[in-house]
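Have a look at upload-v3.pdb; it's PDB, C-alpha atoms, pLDDT in the B column:
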ATOM      1  CA  GLU A  18      63.076 112.564 109.778  1.00 73.00           C
ATOM      2  CA  THR A  19      62.731 111.017 113.224  1.00 79.00           C
ATOM      3  CA  GLY A  20      61.004 113.961 114.902  1.00 94.00           C
ATOM      4  CA  VAL A  21      64.143 114.864 116.832  1.00 97.00           C
ATOM      5  CA  THR A  22      66.219 117.823 115.681  1.00 97.00           C
ATOM      6  CA  GLN A  23      69.651 118.931 116.813  1.00 98.00           C
ATOM      7  CA  THR A  24      71.550 122.164 116.294  1.00 97.00           C
ATOM      8  CA  PRO A  25      74.181 122.923 115.329  1.00 97.00           C
ATOM      9  CA  ARG A  26      75.109 119.977 113.132  1.00 97.00           C
ATOM     10  CA  HIS A  27      78.804 120.811 113.271  1.00 97.00           C
ATOM     11  CA  LEU A  28      80.754 122.752 115.868  1.00 97.00           C
ATOM     12  CA  VAL A  29      84.402 123.669 116.202  1.00 96.00           C
ATOM     13  CA  MET A  30      85.458 125.226 119.465  1.00 93.00           C
ATOM     14  CA  GLY A  31      88.593 126.082 121.356  1.00 91.00           C
ATOM     15  CA  MET A  32      89.250 124.753 124.830  1.00 89.00           C
ATOM     16  CA  THR A  33      88.340 128.058 126.447  1.00 88.00           C
ATOM     17  CA  ASN A  34      85.047 128.574 124.606  1.00 89.00           C
ATOM     18  CA  LYS A  35      81.557 128.125 125.929  1.00 94.00           C
ATOM     19  CA  LYS A  36      78.927 126.715 123.595  1.00 95.00           C
ATOM     20  CA  SER A  37      75.600 124.935 123.821  1.00 97.00           C
ATOM     21  CA  LEU A  38      74.042 122.075 121.906  1.00 98.00           C
ATOM     22  CA  LYS A  39      70.296 122.099 121.429  1.00 98.00           C
ATOM     23  CA  CYS A  40      67.875 119.231 120.958  1.00 98.00           C
ATOM     24  CA  GLU A  41      64.162 119.414 120.304  1.00 98.00           C
ATOM     25  CA  GLN A  42      61.680 116.575 119.984  1.00 97.00           C
ATOM     26  CA  HIS A  43      58.284 116.916 118.323  1.00 95.00           C
ATOM     27  CA  LEU A  44      56.960 113.522 119.400  1.00 96.00           C
ATOM     28  CA  GLY A  45      55.317 114.289 122.734  1.00 96.00           C
ATOM     29  CA  HIS A  46      57.788 112.051 124.551  1.00 96.00           C
ATOM     30  CA  ASN A  47      58.504 112.207 128.267  1.00 95.00           C
ATOM     31  CA  ALA A  48      62.151 111.133 128.253  1.00 95.00           C
ATOM     32  CA  MET A  49      65.226 112.616 126.584  1.00 96.00           C
ATOM     33  CA  TYR A  50      68.850 111.497 126.441  1.00 95.00           C
ATOM     34  CA  TRP A  51      72.328 112.715 125.597  1.00 96.00           C
ATOM     35  CA  TYR A  52      74.834 110.219 124.181  1.00 96.00           C
ATOM     36  CA  LYS A  53      78.470 110.585 123.169  1.00 96.00           C
ATOM     37  CA  GLN A  54      79.811 108.540 120.279  1.00 95.00           C
ATOM     38  CA  SER A  55      83.561 108.403 119.776  1.00 93.00           C
ATOM     39  CA  ALA A  56      85.385 106.458 117.113  1.00 86.00           C
ATOM     40  CA  LYS A  57      85.861 102.772 117.938  1.00 76.00           C
ATOM     41  CA  LYS A  58      83.769 103.028 121.117  1.00 82.00           C
ATOM     42  CA  PRO A  59      80.205 102.020 121.947  1.00 84.00           C
ATOM     43  CA  LEU A  60      77.587 104.660 122.409  1.00 91.00           C
ATOM     44  CA  GLU A  61      78.081 106.242 125.838  1.00 91.00           C
ATOM     45  CA  LEU A  62      75.013 107.406 127.717  1.00 92.00           C
ATOM     46  CA  MET A  63      75.657 110.763 129.371  1.00 94.00           C
ATOM     47  CA  PHE A  64      72.367 112.012 130.794  1.00 94.00           C
ATOM     48  CA  VAL A  65      68.742 110.905 131.044  1.00 93.00           C
ATOM     49  CA  TYR A  66      65.810 113.178 131.735  1.00 94.00           C
ATOM     50  CA  SER A  67      62.317 111.959 132.491  1.00 90.00           C
ATOM     51  CA  LEU A  68      59.540 114.522 132.816  1.00 87.00           C
ATOM     52  CA  GLU A  69      62.216 117.212 133.023  1.00 85.00           C
ATOM     53  CA  GLU A  70      63.920 115.558 135.991  1.00 86.00           C
ATOM     54  CA  ARG A  71      67.463 114.247 135.624  1.00 87.00           C
ATOM     55  CA  VAL A  72      67.408 110.541 136.445  1.00 84.00           C
ATOM     56  CA  GLU A  73      70.861 109.534 135.260  1.00 77.00           C
ATOM     57  CA  ASN A  74      74.207 111.248 135.322  1.00 74.00           C
ATOM     58  CA  ASN A  75      76.674 108.735 134.053  1.00 74.00           C
ATOM     59  CA  SER A  76      79.832 110.028 135.740  1.00 85.00           C
ATOM     60  CA  VAL A  77      80.124 112.785 133.199  1.00 93.00           C
ATOM     61  CA  PRO A  78      82.722 115.532 133.832  1.00 94.00           C
ATOM     62  CA  SER A  79      81.302 118.807 135.081  1.00 93.00           C
ATOM     63  CA  ARG A  80      82.456 120.591 131.928  1.00 95.00           C
ATOM     64  CA  PHE A  81      79.287 119.108 130.421  1.00 96.00           C
ATOM     65  CA  SER A  82      76.150 120.636 131.909  1.00 95.00           C
ATOM     66  CA  PRO A  83      72.687 119.503 130.781  1.00 96.00           C
ATOM     67  CA  GLU A  84      69.512 121.530 130.972  1.00 96.00           C
ATOM     68  CA  CYS A  85      65.955 120.411 130.327  1.00 96.00           C
ATOM     69  CA  PRO A  86      63.592 123.427 130.546  1.00 95.00           C
ATOM     70  CA  ASN A  87      60.581 121.420 129.350  1.00 94.00           C
ATOM     71  CA  SER A  88      59.827 117.964 128.010  1.00 92.00           C
ATOM     72  CA  SER A  89      60.462 119.012 124.396  1.00 96.00           C
ATOM     73  CA  HIS A  90      63.843 120.670 124.769  1.00 97.00           C
ATOM     74  CA  LEU A  91      67.208 119.506 125.975  1.00 97.00           C
ATOM     75  CA  PHE A  92      70.467 121.435 126.035  1.00 98.00           C
ATOM     76  CA  LEU A  93      74.050 120.448 126.637  1.00 98.00           C
ATOM     77  CA  HIS A  94      76.195 123.348 127.791  1.00 97.00           C
ATOM     78  CA  LEU A  95      79.898 122.967 127.090  1.00 96.00           C
ATOM     79  CA  HIS A  96      82.778 124.838 128.702  1.00 94.00           C
ATOM     80  CA  THR A  97      86.540 124.357 128.911  1.00 94.00           C
ATOM     81  CA  LEU A  98      86.407 121.151 126.903  1.00 94.00           C
ATOM     82  CA  GLN A  99      89.385 118.958 126.089  1.00 94.00           C
ATOM     83  CA  PRO A 100      90.434 117.623 122.676  1.00 94.00           C
ATOM     84  CA  GLU A 101      89.334 114.122 123.748  1.00 94.00           C
ATOM     85  CA  ASP A 102      85.784 115.464 123.990  1.00 96.00           C
ATOM     86  CA  SER A 103      85.688 115.658 120.202  1.00 96.00           C
ATOM     87  CA  ALA A 104      82.941 113.260 119.158  1.00 96.00           C
ATOM     88  CA  LEU A 105      79.456 112.938 117.739  1.00 96.00           C
ATOM     89  CA  TYR A 106      76.878 113.999 120.328  1.00 98.00           C
ATOM     90  CA  LEU A 107      73.495 112.404 119.874  1.00 97.00           C
ATOM     91  CA  CYS A 108      70.199 113.355 121.422  1.00 98.00           C
ATOM     92  CA  ALA A 109      67.335 110.877 121.666  1.00 97.00           C
ATOM     93  CA  SER A 110      63.843 110.692 123.085  1.00 96.00           C
ATOM     94  CA  SER A 111      61.434 107.942 124.089  1.00 95.00           C
ATOM     95  CA  GLN A 112      57.868 107.834 125.289  1.00 94.00           C
ATOM     96  CA  ASP A 113      58.948 106.858 128.799  1.00 89.00           C
ATOM     97  CA  ILE A 114      61.865 105.220 130.550  1.00 87.00           C
ATOM     98  CA  PHE A 115      59.697 102.533 132.190  1.00 83.00           C
ATOM     99  CA  PRO A 116      59.022 100.510 130.145  1.00 79.00           C
ATOM    100  CA  MET A 117      61.890 101.363 127.807  1.00 85.00           C
ATOM    101  CA  GLY A 118      60.657 101.291 124.238  1.00 89.00           C
ATOM    102  CA  THR A 119      62.037 102.671 121.036  1.00 94.00           C
ATOM    103  CA  GLN A 120      64.406 105.600 121.204  1.00 96.00           C
ATOM    104  CA  TYR A 121      64.292 108.190 118.436  1.00 96.00           C
ATOM    105  CA  PHE A 122      67.588 109.830 117.640  1.00 97.00           C
ATOM    106  CA  GLY A 123      68.475 113.184 116.206  1.00 97.00           C
ATOM    107  CA  PRO A 124      71.108 113.530 113.461  1.00 96.00           C
ATOM    108  CA  GLY A 125      73.803 114.488 115.956  1.00 97.00           C
ATOM    109  CA  THR A 126      76.252 117.340 116.441  1.00 97.00           C
ATOM    110  CA  ARG A 127      79.800 116.679 115.249  1.00 97.00           C
ATOM    111  CA  LEU A 128      82.035 118.459 117.761  1.00 97.00           C
ATOM    112  CA  LEU A 129      85.696 119.203 117.259  1.00 96.00           C
ATOM    113  CA  VAL A 130      87.661 120.669 120.150  1.00 95.00           C
ATOM    114  CA  LEU A 131      90.932 122.323 119.181  1.00 93.00           C
TER     115      LEU A 131
ATOM    116  CA  SER B  12      82.346  94.706 129.949  1.00 40.00           C
ATOM    117  CA  GLN B  13      79.560  95.427 127.505  1.00 47.00           C
ATOM    118  CA  GLN B  14      76.015  94.172 127.981  1.00 63.00           C
ATOM    119  CA  GLY B  15      75.636  93.843 124.222  1.00 70.00           C
ATOM    120  CA  GLU B  16      78.399  92.590 121.979  1.00 82.00           C
ATOM    121  CA  GLU B  17      77.965  92.235 118.252  1.00 86.00           C
ATOM    122  CA  ASP B  18      79.639  89.722 116.036  1.00 87.00           C
ATOM    123  CA  PRO B  19      81.199  90.109 113.550  1.00 92.00           C
ATOM    124  CA  GLN B  20      82.650  93.597 113.969  1.00 91.00           C
ATOM    125  CA  ALA B  21      82.745  94.027 110.199  1.00 94.00           C
ATOM    126  CA  LEU B  22      81.019  92.261 107.334  1.00 96.00           C
ATOM    127  CA  SER B  23      81.422  92.731 103.586  1.00 97.00           C
ATOM    128  CA  ILE B  24      79.054  91.061 101.114  1.00 97.00           C
ATOM    129  CA  GLN B  25      77.805  91.398  97.544  1.00 97.00           C
ATOM    130  CA  GLU B  26      74.450  92.927  96.718  1.00 97.00           C
ATOM    131  CA  GLY B  27      71.750  90.269  96.759  1.00 97.00           C
ATOM    132  CA  GLU B  28      73.397  88.165  99.446  1.00 98.00           C
ATOM    133  CA  ASN B  29      72.049  87.772 102.972  1.00 98.00           C
ATOM    134  CA  ALA B  30      73.765  89.373 105.954  1.00 97.00           C
ATOM    135  CA  THR B  31      73.611  87.944 109.471  1.00 97.00           C
ATOM    136  CA  MET B  32      74.733  89.809 112.560  1.00 96.00           C
ATOM    137  CA  ASN B  33      74.751  88.426 116.072  1.00 96.00           C
ATOM    138  CA  CYS B  34      74.407  90.028 119.471  1.00 95.00           C
ATOM    139  CA  SER B  35      75.162  88.505 122.857  1.00 95.00           C
ATOM    140  CA  TYR B  36      74.278  89.991 126.209  1.00 94.00           C
ATOM    141  CA  LYS B  37      74.921  89.152 129.829  1.00 92.00           C
ATOM    142  CA  THR B  38      71.916  89.921 132.034  1.00 89.00           C
ATOM    143  CA  SER B  39      68.196  89.250 131.696  1.00 91.00           C
ATOM    144  CA  ILE B  40      66.256  91.703 129.574  1.00 92.00           C
ATOM    145  CA  ASN B  41      62.826  93.196 129.028  1.00 93.00           C
ATOM    146  CA  ASN B  42      63.486  93.711 125.338  1.00 94.00           C
ATOM    147  CA  LEU B  43      66.250  93.883 122.774  1.00 95.00           C
ATOM    148  CA  GLN B  44      66.359  96.425 119.982  1.00 96.00           C
ATOM    149  CA  TRP B  45      68.273  96.756 116.737  1.00 97.00           C
ATOM    150  CA  TYR B  46      69.313 100.103 115.289  1.00 97.00           C
ATOM    151  CA  ARG B  47      71.037 101.193 112.089  1.00 97.00           C
ATOM    152  CA  GLN B  48      73.413 104.122 111.715  1.00 96.00           C
ATOM    153  CA  ASN B  49      74.575 105.569 108.448  1.00 94.00           C
ATOM    154  CA  SER B  50      78.001 107.141 108.588  1.00 88.00           C
ATOM    155  CA  GLY B  51      78.095 110.128 110.935  1.00 82.00           C
ATOM    156  CA  ARG B  52      74.322 110.257 111.345  1.00 89.00           C
ATOM    157  CA  GLY B  53      71.837 109.442 114.079  1.00 91.00           C
ATOM    158  CA  LEU B  54      70.614 105.956 114.843  1.00 95.00           C
ATOM    159  CA  VAL B  55      67.402 104.668 113.316  1.00 96.00           C
ATOM    160  CA  HIS B  56      65.305 102.079 115.097  1.00 97.00           C
ATOM    161  CA  LEU B  57      64.730  98.859 113.155  1.00 97.00           C
ATOM    162  CA  ILE B  58      63.034  96.275 115.361  1.00 97.00           C
ATOM    163  CA  LEU B  59      62.166  95.727 119.028  1.00 97.00           C
ATOM    164  CA  ILE B  60      61.746  92.170 120.258  1.00 97.00           C
ATOM    165  CA  ARG B  61      60.395  91.436 123.714  1.00 96.00           C
ATOM    166  CA  SER B  62      61.835  88.798 126.017  1.00 95.00           C
ATOM    167  CA  ASN B  63      58.794  86.545 125.513  1.00 96.00           C
ATOM    168  CA  GLU B  64      59.119  86.661 121.712  1.00 97.00           C
ATOM    169  CA  ARG B  65      61.357  84.411 119.658  1.00 98.00           C
ATOM    170  CA  GLU B  66      61.193  85.919 116.179  1.00 98.00           C
ATOM    171  CA  LYS B  67      60.039  89.097 114.458  1.00 98.00           C
ATOM    172  CA  HIS B  68      59.970  90.218 110.870  1.00 97.00           C
ATOM    173  CA  SER B  69      59.934  93.613 109.241  1.00 96.00           C
ATOM    174  CA  GLY B  70      60.248  93.686 105.467  1.00 97.00           C
ATOM    175  CA  ARG B  71      63.646  92.161 104.611  1.00 98.00           C
ATOM    176  CA  LEU B  72      64.657  92.051 108.274  1.00 98.00           C
ATOM    177  CA  ARG B  73      64.322  89.053 110.546  1.00 98.00           C
ATOM    178  CA  VAL B  74      65.293  89.139 114.205  1.00 98.00           C
ATOM    179  CA  THR B  75      65.522  86.124 116.478  1.00 98.00           C
ATOM    180  CA  LEU B  76      65.953  86.051 120.226  1.00 98.00           C
ATOM    181  CA  ASP B  77      67.183  83.151 122.332  1.00 97.00           C
ATOM    182  CA  THR B  78      66.945  84.143 125.982  1.00 96.00           C
ATOM    183  CA  SER B  79      68.413  80.827 127.151  1.00 96.00           C
ATOM    184  CA  LYS B  80      71.614  81.651 125.244  1.00 96.00           C
ATOM    185  CA  LYS B  81      71.285  85.377 125.823  1.00 96.00           C
ATOM    186  CA  SER B  82      71.709  86.051 122.139  1.00 96.00           C
ATOM    187  CA  SER B  83      69.936  87.627 119.199  1.00 97.00           C
ATOM    188  CA  SER B  84      70.531  87.713 115.479  1.00 97.00           C
ATOM    189  CA  LEU B  85      69.588  90.159 112.752  1.00 98.00           C
ATOM    190  CA  LEU B  86      69.209  88.792 109.243  1.00 98.00           C
ATOM    191  CA  ILE B  87      68.972  91.118 106.258  1.00 98.00           C
ATOM    192  CA  THR B  88      67.840  89.244 103.167  1.00 98.00           C
ATOM    193  CA  ALA B  89      68.573  90.217  99.553  1.00 98.00           C
ATOM    194  CA  SER B  90      70.887  93.015 100.666  1.00 97.00           C
ATOM    195  CA  ARG B  91      71.209  96.271  98.767  1.00 97.00           C
ATOM    196  CA  ALA B  92      74.001  98.817  98.577  1.00 97.00           C
ATOM    197  CA  ALA B  93      71.754 101.142 100.607  1.00 96.00           C
ATOM    198  CA  ASP B  94      71.961  98.683 103.530  1.00 97.00           C
ATOM    199  CA  THR B  95      75.601  99.709 104.004  1.00 97.00           C
ATOM    200  CA  ALA B  96      75.692 101.049 107.580  1.00 97.00           C
ATOM    201  CA  SER B  97      76.573 100.138 111.145  1.00 96.00           C
ATOM    202  CA  TYR B  98      74.086  97.997 113.056  1.00 96.00           C
ATOM    203  CA  PHE B  99      73.741  98.051 116.833  1.00 95.00           C
ATOM    204  CA  CYS B 100      71.866  95.935 119.286  1.00 95.00           C
ATOM    205  CA  ALA B 101      70.640  97.521 122.500  1.00 95.00           C
ATOM    206  CA  THR B 102      69.145  95.920 125.571  1.00 93.00           C
ATOM    207  CA  ASP B 103      66.649  97.139 128.121  1.00 91.00           C
ATOM    208  CA  THR B 104      67.706  95.118 131.127  1.00 84.00           C
ATOM    209  CA  SER B 105      65.284  93.631 133.633  1.00 78.00           C
ATOM    210  CA  SER B 106      66.821  95.744 136.363  1.00 76.00           C
ATOM    211  CA  ASN B 107      64.859  98.637 134.855  1.00 71.00           C
ATOM    212  CA  THR B 108      67.706 101.081 134.883  1.00 75.00           C
ATOM    213  CA  GLY B 109      65.868 103.457 132.578  1.00 77.00           C
ATOM    214  CA  LYS B 110      68.484 103.190 129.876  1.00 84.00           C
ATOM    215  CA  LEU B 111      69.429 101.129 126.856  1.00 90.00           C
ATOM    216  CA  ILE B 112      72.815  99.448 126.775  1.00 90.00           C
ATOM    217  CA  PHE B 113      74.323  99.535 123.285  1.00 92.00           C
ATOM    218  CA  GLY B 114      76.887  97.189 121.813  1.00 91.00           C
ATOM    219  CA  GLN B 115      79.851  98.229 119.714  1.00 90.00           C
ATOM    220  CA  GLY B 116      78.084  97.475 116.459  1.00 93.00           C
ATOM    221  CA  THR B 117      78.661  95.581 113.234  1.00 95.00           C
ATOM    222  CA  THR B 118      79.798  97.549 110.207  1.00 95.00           C
ATOM    223  CA  LEU B 119      78.150  96.158 107.091  1.00 97.00           C
ATOM    224  CA  GLN B 120      79.380  96.931 103.605  1.00 97.00           C
ATOM    225  CA  VAL B 121      77.241  95.818 100.670  1.00 97.00           C
ATOM    226  CA  LYS B 122      79.090  95.999  97.365  1.00 96.00           C
ATOM    227  CA  PRO B 123      77.088  96.731  94.223  1.00 92.00           C
TER     228      PRO B 123
END
Turn the structure described in the file into C-alpha cells.
Amino acid sequence: ETGVTQTPRHLVMGMTNKKSLKCEQHLGHNAMYWYKQSAKKPLELMFVYSLEERVENNSVPSRFSPECPNSSHLFLHLHTLQPEDSALYLCASSQDIFPMGTQYFGPGTRLLVL
Amino acid sequence: SQQGEEDPQALSIQEGENATMNCSYKTSINNLQWYRQNSGRGLVHLILIRSNEREKHSGRLRVTLDTSKKSSSLLITASRAADTASYFCATDTSSNTGKLIFGQGTTLQVKP
C-alpha cells in the first residue's frame, strides 16, 4: 500500500461513453499527477496539479478532462475516447513539485476502449 | 528523445545472480530516482540519489550516479524470483519543470 488509491481498477467503455477515474491520496501531499502507460512506450505525463492548481497540461486531447477539487482527490473525466486510448492510467502524488522528491503511485486503472 | 534511457531493455538471470541496469540521461539533474513496477501494477519507489551524491545503498540495492557521464546504474545483488519486474529510472531536471522524466525501463526476469 502506497497511500494512493485508484478506482475503478478495470474499466471497459465504448467510444460514446462517459466515465471518470478517481484517485485519492492519504499522504498529505500537495501535488498529484496523471500518467498514461501504453505497451512498449515510456510513462507519459498527462497532467500535474499543485495545491489544486493545474501546472502542466502535456498536450493531452480534450477528451481527457482532469479535475482536482481538493489536494487529496484527483479525477480524470473521459468522453468519446478512441481505441488507442486503451492503456494503464496511473495516478501519483508527491509532497511538492519543487523540489521534486519521491512520487507515490496508485495501482492504476486498466482501461479498454472498444 | 528520452531524457532517461535504460539499458538493457530486457535482462534474464538465475536466482542468486546479480543484476545491473543502466540509465543515461541528457540534461543536468537535481536528482535521479529508480522505480520498480510489477506487471500491470503501479510503480514503487526504490531509491532517490541527489546530483551531489555518488552512491547509495538500500538493502540489496546499490545505485551509483556519475554526473560527468550523465549515467546511473542500479545493482540488485543476490536476486530472487520476486525481483522479477520492470525497473525505471526517472530524472528531476535542473530546469525545475515540476515533473519527472521516465525512461522506457528494463524488464528483469529472475528464474528460480
**Study point:** Best match for closeness to chain A among B:Arg52, B:Lys80, B:Arg71, B:Arg47, counting all atoms listed in the file
**Key:** B:Arg52
Practice item. For chain A, list the residues within 6 Å of chain B, counting all atoms listed in the file, and write the list as a PyMOL selection string. Key: chain A and resi 59+114+122-125
Saved selection, atoms kept: C-alpha atoms, as an mmCIF file, in the frame of the given file:
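Written file, selection18.cif:
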data_model
loop_
_atom_site.group_PDB
_atom_site.id
_atom_site.type_symbol
_atom_site.label_atom_id
_atom_site.label_comp_id
_atom_site.auth_asym_id
_atom_site.auth_seq_id
_atom_site.Cartn_x
_atom_site.Cartn_y
_atom_site.Cartn_z
ATOM 1 C CA PRO A 59 80.205 102.020 121.947
ATOM 2 C CA ILE A 114 61.865 105.220 130.550
ATOM 3 C CA PHE A 122 67.588 109.830 117.640
ATOM 4 C CA GLY A 123 68.475 113.184 116.206
ATOM 5 C CA PRO A 124 71.108 113.530 113.461
ATOM 6 C CA GLY A 125 73.803 114.488 115.956
#
Exercise for review: Fewer than 5 positions away in the same chain doesn't count, so skip those; otherwise give me all residues within 12 Å of Glu28 of chain B, counting all atoms listed in the file, as a PyMOL selection string.
Suggested key: chain B and resi 22-23+71+86-92+94+120-123
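Residue neighbourhood of Asn49 of chain B, excluding near-sequence residues (fewer than 5 positions): Leu54, Thr95, Ala96 and Ser97 of chain B, at 8 Å, using all atoms listed in the file.
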Practice item. Please evaluate the PyMOL selection byres ((chain A and resi 113) around 10) against the displayed coordinates and give the resulting residues as JSON, numbers by chain. Key: {"A": [46, 47, 48, 49, 66, 67, 68, 110, 111, 112, 114, 115, 116, 117, 118, 119, 120], "B": [109]}
Practice item. Give me the residues within 9 Å of segment 77-92 of chain A as a PyMOL selection string, counting only C-alpha atoms and dropping any in the same chain fewer than 5 places off. Key: chain A and resi 37-51+63-64+66-71+97-98+108
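Applied to the file shown here, the PyMOL selection byres ((chain B and resi 19) around 8) selects Glu17, Asp18, Gln20, Ala21, Leu22, Met32, Asn33 and Thr117 of chain B.
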Would you mind completing segment 33-54 of chain A so that it carries N, CA and C atoms, and writing it out as a PDB file, in the coordinates of the input?
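Contents of the output file selection28.pdb:
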ATOM      1  N   THR A  33      88.811 127.047 125.502  1.00 88.00           N
ATOM      2  CA  THR A  33      88.340 128.058 126.447  1.00 88.00           C
ATOM      3  C   THR A  33      86.939 128.571 126.106  1.00 88.00           C
ATOM      4  N   ASN A  34      86.376 128.084 125.015  1.00 89.00           N
ATOM      5  CA  ASN A  34      85.047 128.574 124.606  1.00 89.00           C
ATOM      6  C   ASN A  34      83.942 127.999 125.461  1.00 89.00           C
ATOM      7  N   LYS A  35      82.793 128.680 125.379  1.00 94.00           N
ATOM      8  CA  LYS A  35      81.557 128.125 125.929  1.00 94.00           C
ATOM      9  C   LYS A  35      80.547 128.053 124.789  1.00 94.00           C
ATOM     10  N   LYS A  36      79.937 126.890 124.648  1.00 95.00           N
ATOM     11  CA  LYS A  36      78.927 126.715 123.595  1.00 95.00           C
ATOM     12  C   LYS A  36      77.821 125.831 124.149  1.00 95.00           C
ATOM     13  N   SER A  37      76.720 125.792 123.422  1.00 97.00           N
ATOM     14  CA  SER A  37      75.600 124.935 123.821  1.00 97.00           C
ATOM     15  C   SER A  37      75.080 124.150 122.630  1.00 97.00           C
ATOM     16  N   LEU A  38      74.722 122.898 122.891  1.00 98.00           N
ATOM     17  CA  LEU A  38      74.042 122.075 121.906  1.00 98.00           C
ATOM     18  C   LEU A  38      72.562 122.052 122.261  1.00 98.00           C
ATOM     19  N   LYS A  39      71.743 122.069 121.208  1.00 98.00           N
ATOM     20  CA  LYS A  39      70.296 122.099 121.429  1.00 98.00           C
ATOM     21  C   LYS A  39      69.643 120.885 120.795  1.00 98.00           C
ATOM     22  N   CYS A  40      68.649 120.355 121.470  1.00 98.00           N
ATOM     23  CA  CYS A  40      67.875 119.231 120.958  1.00 98.00           C
ATOM     24  C   CYS A  40      66.397 119.544 121.174  1.00 98.00           C
ATOM     25  N   GLU A  41      65.594 119.217 120.183  1.00 98.00           N
ATOM     26  CA  GLU A  41      64.162 119.414 120.304  1.00 98.00           C
ATOM     27  C   GLU A  41      63.441 118.197 119.747  1.00 98.00           C
ATOM     28  N   GLN A  42      62.464 117.712 120.489  1.00 97.00           N
ATOM     29  CA  GLN A  42      61.680 116.575 119.984  1.00 97.00           C
ATOM     30  C   GLN A  42      60.223 117.001 119.810  1.00 97.00           C
ATOM     31  N   HIS A  43      59.645 116.535 118.708  1.00 95.00           N
ATOM     32  CA  HIS A  43      58.284 116.916 118.323  1.00 95.00           C
ATOM     33  C   HIS A  43      57.354 115.720 118.424  1.00 95.00           C
ATOM     34  N   LEU A  44      57.665 114.807 119.334  1.00 96.00           N
ATOM     35  CA  LEU A  44      56.960 113.522 119.400  1.00 96.00           C
ATOM     36  C   LEU A  44      56.083 113.394 120.641  1.00 96.00           C
ATOM     37  N   GLY A  45      56.108 114.375 121.507  1.00 96.00           N
ATOM     38  CA  GLY A  45      55.317 114.289 122.734  1.00 96.00           C
ATOM     39  C   GLY A  45      55.868 113.294 123.739  1.00 96.00           C
ATOM     40  N   HIS A  46      57.159 113.018 123.651  1.00 96.00           N
ATOM     41  CA  HIS A  46      57.788 112.051 124.551  1.00 96.00           C
ATOM     42  C   HIS A  46      58.093 112.659 125.910  1.00 96.00           C
ATOM     43  N   ASN A  47      58.231 111.764 126.902  1.00 95.00           N
ATOM     44  CA  ASN A  47      58.504 112.207 128.267  1.00 95.00           C
ATOM     45  C   ASN A  47      59.971 112.106 128.652  1.00 95.00           C
ATOM     46  N   ALA A  48      60.753 111.358 127.893  1.00 95.00           N
ATOM     47  CA  ALA A  48      62.151 111.133 128.253  1.00 95.00           C
ATOM     48  C   ALA A  48      63.083 111.603 127.144  1.00 95.00           C
ATOM     49  N   MET A  49      64.211 112.169 127.535  1.00 96.00           N
ATOM     50  CA  MET A  49      65.226 112.616 126.584  1.00 96.00           C
ATOM     51  C   MET A  49      66.611 112.225 127.084  1.00 96.00           C
ATOM     52  N   TYR A  50      67.525 112.055 126.138  1.00 95.00           N
ATOM     53  CA  TYR A  50      68.850 111.497 126.441  1.00 95.00           C
ATOM     54  C   TYR A  50      69.938 112.251 125.680  1.00 95.00           C
ATOM     55  N   TRP A  51      71.114 112.326 126.299  1.00 96.00           N
ATOM     56  CA  TRP A  51      72.328 112.715 125.597  1.00 96.00           C
ATOM     57  C   TRP A  51      73.284 111.539 125.570  1.00 96.00           C
ATOM     58  N   TYR A  52      73.829 111.248 124.362  1.00 96.00           N
ATOM     59  CA  TYR A  52      74.834 110.219 124.181  1.00 96.00           C
ATOM     60  C   TYR A  52      76.085 110.849 123.547  1.00 96.00           C
ATOM     61  N   LYS A  53      77.226 110.220 123.834  1.00 96.00           N
ATOM     62  CA  LYS A  53      78.470 110.585 123.169  1.00 96.00           C
ATOM     63  C   LYS A  53      78.929 109.379 122.363  1.00 96.00           C
ATOM     64  N   GLN A  54      79.308 109.621 121.116  1.00 95.00           N
ATOM     65  CA  GLN A  54      79.811 108.540 120.279  1.00 95.00           C
ATOM     66  C   GLN A  54      81.184 108.925 119.751  1.00 95.00           C
TER      67      GLN A  54
END
